[in-house]
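A.B. asks: Here you go, structure.txt (compact mmCIF, C-alpha atoms):
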# COMPACT_ATOMS: atom_id res chain seq x y z
CA MET A 1 -55.85 -8.53 -44.33
CA ASN A 2 -59.26 -9.71 -43.24
CA THR A 3 -61.52 -6.65 -43.16
CA MET A 4 -63.96 -8.51 -40.91
CA GLN A 5 -61.42 -8.33 -38.07
CA ASN A 6 -62.59 -6.05 -35.29
CA PRO A 7 -66.11 -5.47 -36.66
CA LEU A 8 -68.14 -2.51 -35.50
CA GLN A 9 -69.49 -3.00 -31.99
CA VAL A 10 -72.12 -0.70 -30.54
CA ALA A 11 -73.74 -1.24 -27.15
CA GLY A 12 -72.49 -4.81 -26.98
CA LYS A 13 -73.77 -5.85 -30.42
CA THR A 14 -71.64 -6.64 -33.47
CA TYR A 15 -72.30 -5.25 -36.95
CA HIS A 16 -70.59 -6.15 -40.21
CA SER A 17 -71.68 -3.01 -42.05
CA ARG A 18 -70.16 0.30 -40.98
CA LEU A 19 -72.74 2.30 -42.92
CA LEU A 20 -75.73 3.57 -40.96
CA VAL A 21 -78.62 5.09 -42.88
CA GLY A 22 -81.72 7.17 -42.31
CA THR A 23 -85.24 6.78 -43.63
CA GLY A 24 -86.32 10.34 -44.43
CA LYS A 25 -86.71 12.29 -47.70
CA TYR A 26 -87.44 9.32 -49.99
CA LYS A 27 -90.34 9.63 -52.43
CA ASP A 28 -92.15 6.66 -50.91
CA LEU A 29 -91.71 3.62 -48.68
CA GLU A 30 -90.77 1.37 -51.59
CA GLU A 31 -87.83 3.58 -52.55
CA THR A 32 -86.86 3.65 -48.86
CA ARG A 33 -86.84 -0.14 -48.77
CA LEU A 34 -84.83 -0.54 -51.98
CA ALA A 35 -82.21 2.05 -51.03
CA ILE A 36 -81.67 0.63 -47.57
CA GLU A 37 -81.33 -2.87 -48.98
CA ALA A 38 -78.78 -1.62 -51.53
CA SER A 39 -76.79 0.13 -48.79
CA GLY A 40 -76.18 -3.09 -46.89
CA ALA A 41 -76.77 -1.15 -43.66
CA GLU A 42 -77.76 -3.03 -40.52
CA ILE A 43 -78.53 0.01 -38.35
CA VAL A 44 -81.36 2.20 -39.61
CA THR A 45 -82.26 5.45 -37.88
CA VAL A 46 -85.84 6.69 -37.60
CA ALA A 47 -87.03 10.19 -36.68
CA ILE A 48 -89.70 9.48 -34.09
CA ARG A 49 -91.29 12.92 -34.35
CA ARG A 50 -91.61 12.69 -38.14
CA THR A 51 -92.09 9.01 -38.95
CA ASN A 52 -94.95 6.66 -38.23
CA ILE A 53 -93.81 3.45 -36.56
CA GLY A 54 -97.22 2.61 -35.15
CA GLN A 55 -98.25 5.71 -33.26
CA ASN A 56 -100.60 6.64 -36.15
CA PRO A 57 -102.50 3.45 -37.05
CA ASP A 58 -104.28 4.97 -40.07
CA GLU A 59 -101.05 6.01 -41.84
CA PRO A 60 -98.40 3.97 -43.70
CA ASN A 61 -96.06 2.35 -41.19
CA LEU A 62 -92.31 2.39 -41.83
CA LEU A 63 -92.02 -0.94 -40.02
CA ASP A 64 -93.95 -2.56 -42.88
CA VAL A 65 -90.82 -2.20 -45.06
CA ILE A 66 -88.04 -1.88 -42.46
CA HIS A 67 -88.57 -4.92 -40.27
CA PRO A 68 -87.05 -4.89 -36.77
CA ASP A 69 -86.14 -8.55 -37.16
CA LYS A 70 -83.86 -7.64 -40.08
CA TYR A 71 -82.49 -4.27 -39.00
CA THR A 72 -81.45 -2.66 -35.74
CA LEU A 73 -83.74 0.34 -35.42
CA LEU A 74 -82.13 3.50 -34.12
CA PRO A 75 -84.88 5.93 -33.08
CA ASN A 76 -83.63 9.50 -33.10
CA THR A 77 -84.71 12.80 -31.64
CA ALA A 78 -84.51 14.89 -34.83
CA GLY A 79 -86.55 18.05 -34.43
CA CYS A 80 -85.91 18.40 -30.71
CA TYR A 81 -84.54 21.72 -29.44
CA SER A 82 -84.35 21.01 -25.72
CA ALA A 83 -83.13 18.24 -23.45
CA GLU A 84 -86.65 17.82 -22.10
CA ASP A 85 -88.16 17.21 -25.55
CA ALA A 86 -85.36 14.82 -26.50
CA VAL A 87 -85.75 12.73 -23.35
CA ARG A 88 -89.52 12.60 -23.79
CA THR A 89 -89.10 11.47 -27.42
CA CYS A 90 -86.68 8.70 -26.46
CA ARG A 91 -89.05 7.41 -23.82
CA LEU A 92 -91.90 7.40 -26.35
CA ALA A 93 -89.74 5.42 -28.78
CA ARG A 94 -88.91 2.90 -26.07
CA GLU A 95 -92.62 2.37 -25.44
CA LEU A 96 -93.41 2.00 -29.16
CA LEU A 97 -90.56 -0.46 -29.68
CA ASP A 98 -91.21 -2.68 -26.67
CA GLY A 99 -88.38 -1.57 -24.42
CA HIS A 100 -85.79 -0.85 -27.12
CA ASN A 101 -83.00 1.11 -25.38
CA LEU A 102 -80.69 2.03 -28.27
CA THR A 103 -81.29 5.63 -29.32
CA LYS A 104 -79.70 8.41 -31.31
CA LEU A 105 -79.70 11.67 -29.40
CA GLU A 106 -79.67 14.96 -31.21
CA VAL A 107 -80.68 18.28 -29.67
CA LEU A 108 -80.56 21.10 -32.19
CA GLY A 109 -79.58 24.70 -31.53
CA ASP A 110 -81.55 26.46 -34.27
CA GLU A 111 -83.56 25.72 -37.39
CA LYS A 112 -81.19 27.43 -39.83
CA THR A 113 -77.90 25.66 -39.16
CA LEU A 114 -79.18 22.54 -37.37
CA PHE A 115 -76.00 22.62 -35.34
CA PRO A 116 -76.23 20.75 -32.03
CA HIS A 117 -77.13 22.60 -28.86
CA ILE A 118 -74.25 21.29 -26.78
CA THR A 119 -75.37 22.22 -23.28
CA GLU A 120 -78.81 20.68 -23.87
CA THR A 121 -77.19 17.63 -25.51
CA LEU A 122 -74.98 17.04 -22.46
CA LYS A 123 -77.95 17.41 -20.14
CA ALA A 124 -80.11 14.99 -22.17
CA ALA A 125 -77.28 12.46 -22.52
CA GLU A 126 -76.75 12.34 -18.77
CA THR A 127 -80.47 11.82 -18.11
CA LEU A 128 -80.85 9.12 -20.77
CA VAL A 129 -77.77 7.15 -19.67
CA LYS A 130 -79.03 7.16 -16.08
CA ASP A 131 -82.41 5.98 -17.41
CA GLY A 132 -80.84 2.91 -19.02
CA PHE A 133 -80.61 4.06 -22.63
CA GLU A 134 -77.71 3.17 -24.91
CA VAL A 135 -77.04 6.61 -26.37
CA MET A 136 -75.44 7.31 -29.73
CA VAL A 137 -75.04 11.08 -29.69
CA TYR A 138 -74.87 13.68 -32.46
CA THR A 139 -72.47 16.47 -31.60
CA ASN A 140 -70.14 19.05 -33.11
CA ASP A 141 -66.52 18.31 -33.96
CA ASP A 142 -65.15 19.56 -30.63
CA PRO A 143 -62.78 16.98 -29.09
CA ILE A 144 -63.47 18.24 -25.57
CA VAL A 145 -67.21 17.82 -25.94
CA ALA A 146 -66.68 14.37 -27.45
CA ARG A 147 -64.64 13.38 -24.41
CA GLU A 148 -67.35 14.68 -22.06
CA LEU A 149 -70.04 12.67 -23.85
CA GLU A 150 -67.93 9.53 -23.64
CA GLN A 151 -67.35 10.10 -19.92
CA ILE A 152 -71.10 10.48 -19.38
CA GLY A 153 -71.44 6.96 -20.76
CA CYS A 154 -72.61 7.36 -24.35
CA ALA A 155 -72.29 4.20 -26.44
CA ALA A 156 -71.03 6.09 -29.50
CA VAL A 157 -70.08 9.67 -30.29
CA MET A 158 -71.19 11.04 -33.67
CA PRO A 159 -69.48 14.30 -34.68
CA LEU A 160 -70.75 16.16 -37.73
CA ALA A 161 -68.57 16.38 -40.82
CA ALA A 162 -70.51 19.44 -42.03
CA PRO A 163 -74.01 20.83 -41.44
CA ILE A 164 -76.90 18.36 -41.74
CA GLY A 165 -78.00 17.92 -45.35
CA SER A 166 -75.24 20.16 -46.75
CA GLY A 167 -73.28 17.50 -48.66
CA LEU A 168 -70.07 19.47 -48.07
CA GLY A 169 -68.00 16.53 -46.89
CA ILE A 170 -65.53 16.61 -44.00
CA ARG A 171 -64.76 20.28 -43.33
CA ASN A 172 -62.52 19.87 -40.29
CA PRO A 173 -60.62 16.59 -40.57
CA TYR A 174 -58.07 17.51 -37.91
CA ASN A 175 -60.68 17.83 -35.17
CA ILE A 176 -62.25 14.54 -36.27
CA LEU A 177 -58.83 12.88 -36.10
CA GLU A 178 -58.27 14.27 -32.61
CA ILE A 179 -61.61 12.81 -31.52
CA ILE A 180 -60.81 9.40 -33.05
CA GLU A 181 -57.34 9.18 -31.53
CA ASN A 182 -58.58 9.81 -27.99
CA ALA A 183 -61.82 7.83 -27.98
CA ASN A 184 -62.64 4.51 -26.36
CA VAL A 185 -66.09 4.28 -27.93
CA PRO A 186 -67.05 4.14 -31.63
CA ILE A 187 -66.73 7.43 -33.50
CA ILE A 188 -69.26 7.65 -36.30
CA VAL A 189 -69.34 10.63 -38.65
CA ASP A 190 -72.89 11.98 -38.76
CA ALA A 191 -74.07 14.68 -41.18
CA GLY A 192 -72.47 16.44 -44.12
CA VAL A 193 -71.49 13.53 -46.38
CA GLY A 194 -72.37 14.19 -50.03
CA THR A 195 -70.98 11.33 -52.07
CA ALA A 196 -69.09 8.06 -51.83
CA SER A 197 -65.65 9.67 -51.73
CA ASP A 198 -66.65 11.60 -48.60
CA ALA A 199 -67.61 8.35 -46.92
CA ALA A 200 -64.35 6.72 -48.02
CA ILE A 201 -62.31 9.62 -46.61
CA ALA A 202 -64.05 9.34 -43.24
CA MET A 203 -63.23 5.64 -43.10
CA GLU A 204 -59.64 6.16 -44.27
CA MET A 205 -59.19 8.55 -41.34
CA GLY A 206 -60.13 5.76 -38.94
CA CYS A 207 -63.77 6.52 -38.21
CA ASP A 208 -65.71 3.48 -37.04
CA GLY A 209 -68.64 4.22 -39.31
CA VAL A 210 -70.66 6.86 -41.16
CA LEU A 211 -74.32 7.74 -40.78
CA MET A 212 -76.10 9.41 -43.67
CA ASN A 213 -79.53 10.11 -45.10
CA THR A 214 -79.74 13.07 -47.47
CA ALA A 215 -76.66 12.01 -49.47
CA ILE A 216 -78.58 8.91 -50.55
CA ALA A 217 -82.19 10.10 -50.52
CA ALA A 218 -81.49 13.34 -52.43
CA ALA A 219 -79.39 11.69 -55.15
CA LYS A 220 -80.85 11.45 -58.66
CA ASP A 221 -80.82 7.68 -58.24
CA PRO A 222 -81.01 6.94 -54.50
CA VAL A 223 -80.76 3.18 -54.89
CA LEU A 224 -77.61 3.41 -56.99
CA MET A 225 -76.12 5.97 -54.61
CA ALA A 226 -76.83 3.66 -51.69
CA SER A 227 -74.83 0.96 -53.45
CA ALA A 228 -72.00 3.43 -54.11
CA MET A 229 -71.93 4.43 -50.44
CA LYS A 230 -71.67 0.80 -49.40
CA LYS A 231 -68.62 0.39 -51.63
CA GLY A 232 -67.10 3.68 -50.48
CA ILE A 233 -67.35 2.62 -46.84
CA GLU A 234 -65.80 -0.77 -47.58
CA ALA A 235 -62.96 0.70 -49.68
CA GLY A 236 -62.17 3.35 -47.08
CA ARG A 237 -62.06 0.79 -44.29
CA GLU A 238 -59.75 -1.49 -46.28
CA ALA A 239 -57.45 1.44 -47.07
CA PHE A 240 -57.31 2.36 -43.38
CA LEU A 241 -56.43 -1.20 -42.41
CA ALA A 242 -53.86 -1.48 -45.22
CA GLY A 243 -52.05 1.73 -44.22
CA ARG A 244 -51.37 4.28 -46.92
CA MET A 245 -47.92 5.05 -48.30
CA PRO A 246 -46.10 8.06 -46.84
CA ARG A 247 -46.65 11.38 -48.59
CA LYS A 248 -43.54 12.78 -50.31
CA ARG A 249 -42.73 16.16 -51.77
CA TYR A 250 -40.93 14.72 -54.79
CA ALA A 251 -41.35 11.96 -57.33
CA SER A 252 -40.32 8.39 -56.60
CA ALA A 253 -39.97 5.98 -59.53
CA SER A 254 -42.39 3.07 -59.55
CA SER A 255 -39.56 0.87 -60.86
CA PRO A 256 -36.43 1.87 -58.89
CA ILE A 257 -33.08 1.77 -60.69
CA ASP A 258 -30.99 1.20 -57.56
CA GLY A 259 -28.74 -1.82 -58.02
CA THR A 260 -29.10 -2.05 -61.81
CA PHE A 261 -26.01 -2.27 -64.08
CA PHE A 262 -26.89 0.26 -66.76
What would you get if you wrote out this structure as structure tokens?
C.D. replies:
Amino acid sequence: MNTMQNPLQVAGKTYHSRLLVGTGKYKDLEETRLAIEASGAEIVTVAIRRTNIGQNPDEPNLLDVIHPDKYTLLPNTAGCYSAEDAVRTCRLARELLDGHNLTKLEVLGDEKTLFPHITETLKAAETLVKDGFEVMVYTNDDPIVARELEQIGCAAVMPLAAPIGSGLGIRNPYNILEIIENANVPIIVDAGVGTASDAAIAMEMGCDGVLMNTAIAAAKDPVLMASAMKKGIEAGREAFLAGRMPRKRYASASSPIDGTFF
């Protein structure tokens, strides 16, 4: 089966990689560049409130190593705790990036858990969609909330697998499956992935993609982990397309004896 069939499409654009990566927590810009190259990602998310993409001319600029002509930049609202702050941050990003409308919305509820503040997220999403943004939205794993965000007009819904930066993997696969099965927009797992097997599991479930940062940046060898994540995403997608064998309670011989004469 051709795994390039039905490639990832977000906001009318086609992507061959289903791995989306962040740019934070690396030791320097060179490690950032090498890890992102090794990941094969085409969409790279940038925390506007924490990263210099030109607003501070005297500081190193991320765009010197992550070129917009090579990657689709996905400015995000990390660090925002209200709809008002998130909307303001998105509008700043659009100005800095010459009218770039694709954005990742996240409105956090508190500093300890970094869980999304759902009522503020819904409010911000509605404002941004009306303002012409293509919104990829970080949310919890509630299927009802996911449906509401899709109905608002978000370009992709991004439920967490586990708390941001926890590396715990997918804690509630049944809710994620419910979201996937009822969605008409891409469902991209965001937050909680720890290693390549977590990414593969998300893809085997039928997720359209996985976004990660800490799982790569906090690894002992971030560049090697980025390569592993690329392979995990690809293997998981192929397994999903292939269709796994049914689970059985009892053994089944690999070489059946039915029809033999001895």
A.B. asks: From the options A:Met212, A:Ala242, A:Ile66, A:Ala11, which residue's atoms come nearest to Phe133 (chain A), counting all atoms listed in the file?
C.D. replies: A:Ala11
A.B. asks: Residues of region 93-126 of chain A that approach region 147-157 of chain A to 9 Å or less, counting all atoms listed in the file: could you list each one with the shortest pair of atoms and its distance in Å to one decimal, rows by chain and increasing residue number, as a Markdown table?
C.D. replies:
| residue | atom | partner | partner_atom | distance |
| --- | --- | --- | --- | --- |
| A:Leu102 | CA | A:Ala155 | CA | 8.9 |
| A:Thr121 | CA | A:Leu149 | CA | 8.9 |
| A:Leu122 | CA | A:Leu149 | CA | 6.7 |
| A:Ala125 | CA | A:Cys154 | CA | 7.2 |
| A:Glu126 | CA | A:Ile152 | CA | 6.0 |
A.B. asks: Could you give me, as JSON lines, every region 129-228 of chain A residue with an atom at most 12 Å from region 78-83 of chain A, plus its closest atom pair and distance in Å to one decimal, counting only C-alpha atoms, rows ordered by chain then number?
C.D. replies:
{"residue": "A:Val137", "atom": "CA", "partner": "A:Ala78", "partner_atom": "CA", "distance": 11.4}
{"residue": "A:Tyr138", "atom": "CA", "partner": "A:Ala78", "partner_atom": "CA", "distance": 10.0}
{"residue": "A:Ile164", "atom": "CA", "partner": "A:Ala78", "partner_atom": "CA", "distance": 10.8}
A.B. asks: Rounded to one decimal place, report the CA of Asp142 (chain A)-CA of Pro159 (chain A) distance in Å.
C.D. replies: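 Calculated distance between CA of Asp142 (chain A) and CA of Pro159 (chain A) is 7.9 Å.
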A.B. asks: Kindly give the distance, in Å, that separates CA of Ala35 (chain A) and CA of Lys220 (chain A), rounded to a single decimal.
C.D. replies: 12.2 Å
A.B. asks: Rounded to one decimal in Å, what is the spacing between CA of Val193 (chain A) and CA of Asn172 (chain A)?
C.D. replies: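 Rounded to one decimal, the two atoms are 12.6 Å apart.
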A.B. asks: Under the rule that only C-alpha atoms are counted, which of A:Ala215, A:Asn56, A:Tyr71, A:Tyr15 is the nearest residue to Val44 (chain A)?
C.D. replies: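 Ranking A:Ala215, A:Asn56, A:Tyr71, A:Tyr15 by distance to Val44 (chain A), first place goes to A:Tyr71.
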A.B. asks: I'd like the neighbourhood of Leu128 (chain A) as an MDAnalysis selection string, where a residue qualifies if any of its atoms comes within 9 Å (using all atoms listed in the file), though same-chain residues fewer than 5 positions away should be ignored.
C.D. replies: chainID A and resid 87 90:91 123 133:135
A.B. asks: Counting all atoms listed in the file, which residue out of A:Leu211, A:Ile201, A:Ala217, A:Ala93 sits closest to Leu34 (chain A)?
C.D. replies: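 That would be A:Ala217, the residue with the smallest distance to Leu34 (chain A).
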A.B. asks: Using all atoms listed in the file for the distances, tell me which of A:Arg50, A:Tyr174, A:Pro68, A:Asp190 is nearest to Leu105 (chain A).
C.D. replies: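 Ranked by minimum distance to Leu105 (chain A), first place goes to A:Asp190.
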A.B. asks: Counting only C-alpha atoms, what is within 9 Å of Leu29 (chain A), bar same-chain residues fewer than 5 positions away, as a list in words?
C.D. replies: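 Selected residues are Thr23, Leu34, Pro60, Asn61, Leu62, Asp64 and Val65 of chain A.
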A.B. asks: Smallest atom-to-atom distance to Asn184 (chain A): which of A:Val10, A:Ala161, A:Ala196, A:Ile48, using all atoms listed in the file?
C.D. replies: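 Going through A:Val10, A:Ala161, A:Ala196, A:Ile48 one by one, the smallest distance to Asn184 (chain A) is for A:Val10.
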A.B. asks: Which one is closest to Asn182 (chain A): A:Glu204, A:Leu97, A:Ala219, A:Ile144? Count only C-alpha atoms.
C.D. replies: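 Of A:Glu204, A:Leu97, A:Ala219, A:Ile144, the one nearest Asn182 (chain A), counting only C-alpha atoms, is A:Ile144.
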A.B. asks: Kindly complete region 75-97 of chain A to N, CA, C and O atoms; the output should be written as a tab-separated table (two decimals), in the frame of the given file.
C.D. replies:
chain	number	residue	atom	x	y	z
A	75	PRO	N	-84.01	4.76	-33.17
A	75	PRO	CA	-84.88	5.93	-33.08
A	75	PRO	C	-84.08	7.16	-32.72
A	75	PRO	O	-83.16	7.09	-31.89
A	76	ASN	N	-84.39	8.28	-33.38
A	76	ASN	CA	-83.63	9.50	-33.10
A	76	ASN	C	-84.55	10.63	-32.71
A	76	ASN	O	-85.77	10.58	-32.89
A	77	THR	N	-83.95	11.68	-32.17
A	77	THR	CA	-84.71	12.80	-31.64
A	77	THR	C	-84.63	14.01	-32.56
A	77	THR	O	-84.65	15.16	-32.10
A	78	ALA	N	-84.54	13.78	-33.87
A	78	ALA	CA	-84.51	14.89	-34.83
A	78	ALA	C	-85.72	15.79	-34.60
A	78	ALA	O	-86.83	15.32	-34.40
A	79	GLY	N	-85.48	17.10	-34.64
A	79	GLY	CA	-86.55	18.05	-34.43
A	79	GLY	C	-86.70	18.51	-33.00
A	79	GLY	O	-87.54	19.35	-32.71
A	80	CYS	N	-85.87	17.99	-32.11
A	80	CYS	CA	-85.91	18.40	-30.71
A	80	CYS	C	-84.92	19.54	-30.46
A	80	CYS	O	-83.78	19.48	-30.93
A	81	TYR	N	-85.37	20.55	-29.71
A	81	TYR	CA	-84.54	21.72	-29.44
A	81	TYR	C	-84.27	21.92	-27.95
A	81	TYR	O	-83.74	22.95	-27.56
A	82	SER	N	-84.63	20.94	-27.14
A	82	SER	CA	-84.35	21.01	-25.72
A	82	SER	C	-84.10	19.61	-25.19
A	82	SER	O	-84.56	18.62	-25.77
A	83	ALA	N	-83.39	19.53	-24.08
A	83	ALA	CA	-83.13	18.24	-23.45
A	83	ALA	C	-84.44	17.58	-23.05
A	83	ALA	O	-84.61	16.36	-23.21
A	84	GLU	N	-85.37	18.37	-22.54
A	84	GLU	CA	-86.65	17.82	-22.10
A	84	GLU	C	-87.40	17.14	-23.24
A	84	GLU	O	-87.91	16.02	-23.09
A	85	ASP	N	-87.47	17.81	-24.40
A	85	ASP	CA	-88.16	17.21	-25.55
A	85	ASP	C	-87.45	15.95	-26.03
A	85	ASP	O	-88.09	14.97	-26.40
A	86	ALA	N	-86.12	15.98	-26.04
A	86	ALA	CA	-85.36	14.82	-26.50
A	86	ALA	C	-85.58	13.62	-25.60
A	86	ALA	O	-85.78	12.49	-26.07
A	87	VAL	N	-85.54	13.83	-24.30
A	87	VAL	CA	-85.75	12.73	-23.35
A	87	VAL	C	-87.15	12.17	-23.50
A	87	VAL	O	-87.36	10.96	-23.51
A	88	ARG	N	-88.13	13.05	-23.63
A	88	ARG	CA	-89.52	12.60	-23.79
A	88	ARG	C	-89.66	11.76	-25.07
A	88	ARG	O	-90.34	10.72	-25.08
A	89	THR	N	-89.02	12.19	-26.15
A	89	THR	CA	-89.10	11.47	-27.42
A	89	THR	C	-88.46	10.09	-27.31
A	89	THR	O	-88.99	9.10	-27.84
A	90	CYS	N	-87.34	10.00	-26.64
A	90	CYS	CA	-86.68	8.70	-26.46
A	90	CYS	C	-87.55	7.75	-25.65
A	90	CYS	O	-87.63	6.55	-25.96
A	91	ARG	N	-88.18	8.26	-24.64
A	91	ARG	CA	-89.05	7.41	-23.82
A	91	ARG	C	-90.27	6.94	-24.61
A	91	ARG	O	-90.71	5.80	-24.46
A	92	LEU	N	-90.80	7.81	-25.48
A	92	LEU	CA	-91.90	7.40	-26.35
A	92	LEU	C	-91.45	6.28	-27.29
A	92	LEU	O	-92.15	5.28	-27.47
A	93	ALA	N	-90.26	6.44	-27.88
A	93	ALA	CA	-89.74	5.42	-28.78
A	93	ALA	C	-89.57	4.09	-28.07
A	93	ALA	O	-89.86	3.02	-28.63
A	94	ARG	N	-89.10	4.14	-26.83
A	94	ARG	CA	-88.91	2.90	-26.07
A	94	ARG	C	-90.25	2.20	-25.84
A	94	ARG	O	-90.33	0.97	-25.92
A	95	GLU	N	-91.29	2.96	-25.61
A	95	GLU	CA	-92.62	2.37	-25.44
A	95	GLU	C	-93.12	1.76	-26.75
A	95	GLU	O	-93.66	0.64	-26.77
A	96	LEU	N	-92.94	2.48	-27.86
A	96	LEU	CA	-93.41	2.00	-29.16
A	96	LEU	C	-92.67	0.76	-29.62
A	96	LEU	O	-93.23	-0.08	-30.34
A	97	LEU	N	-91.40	0.64	-29.21
A	97	LEU	CA	-90.56	-0.46	-29.68
A	97	LEU	C	-90.30	-1.49	-28.58
A	97	LEU	O	-89.28	-2.19	-28.60
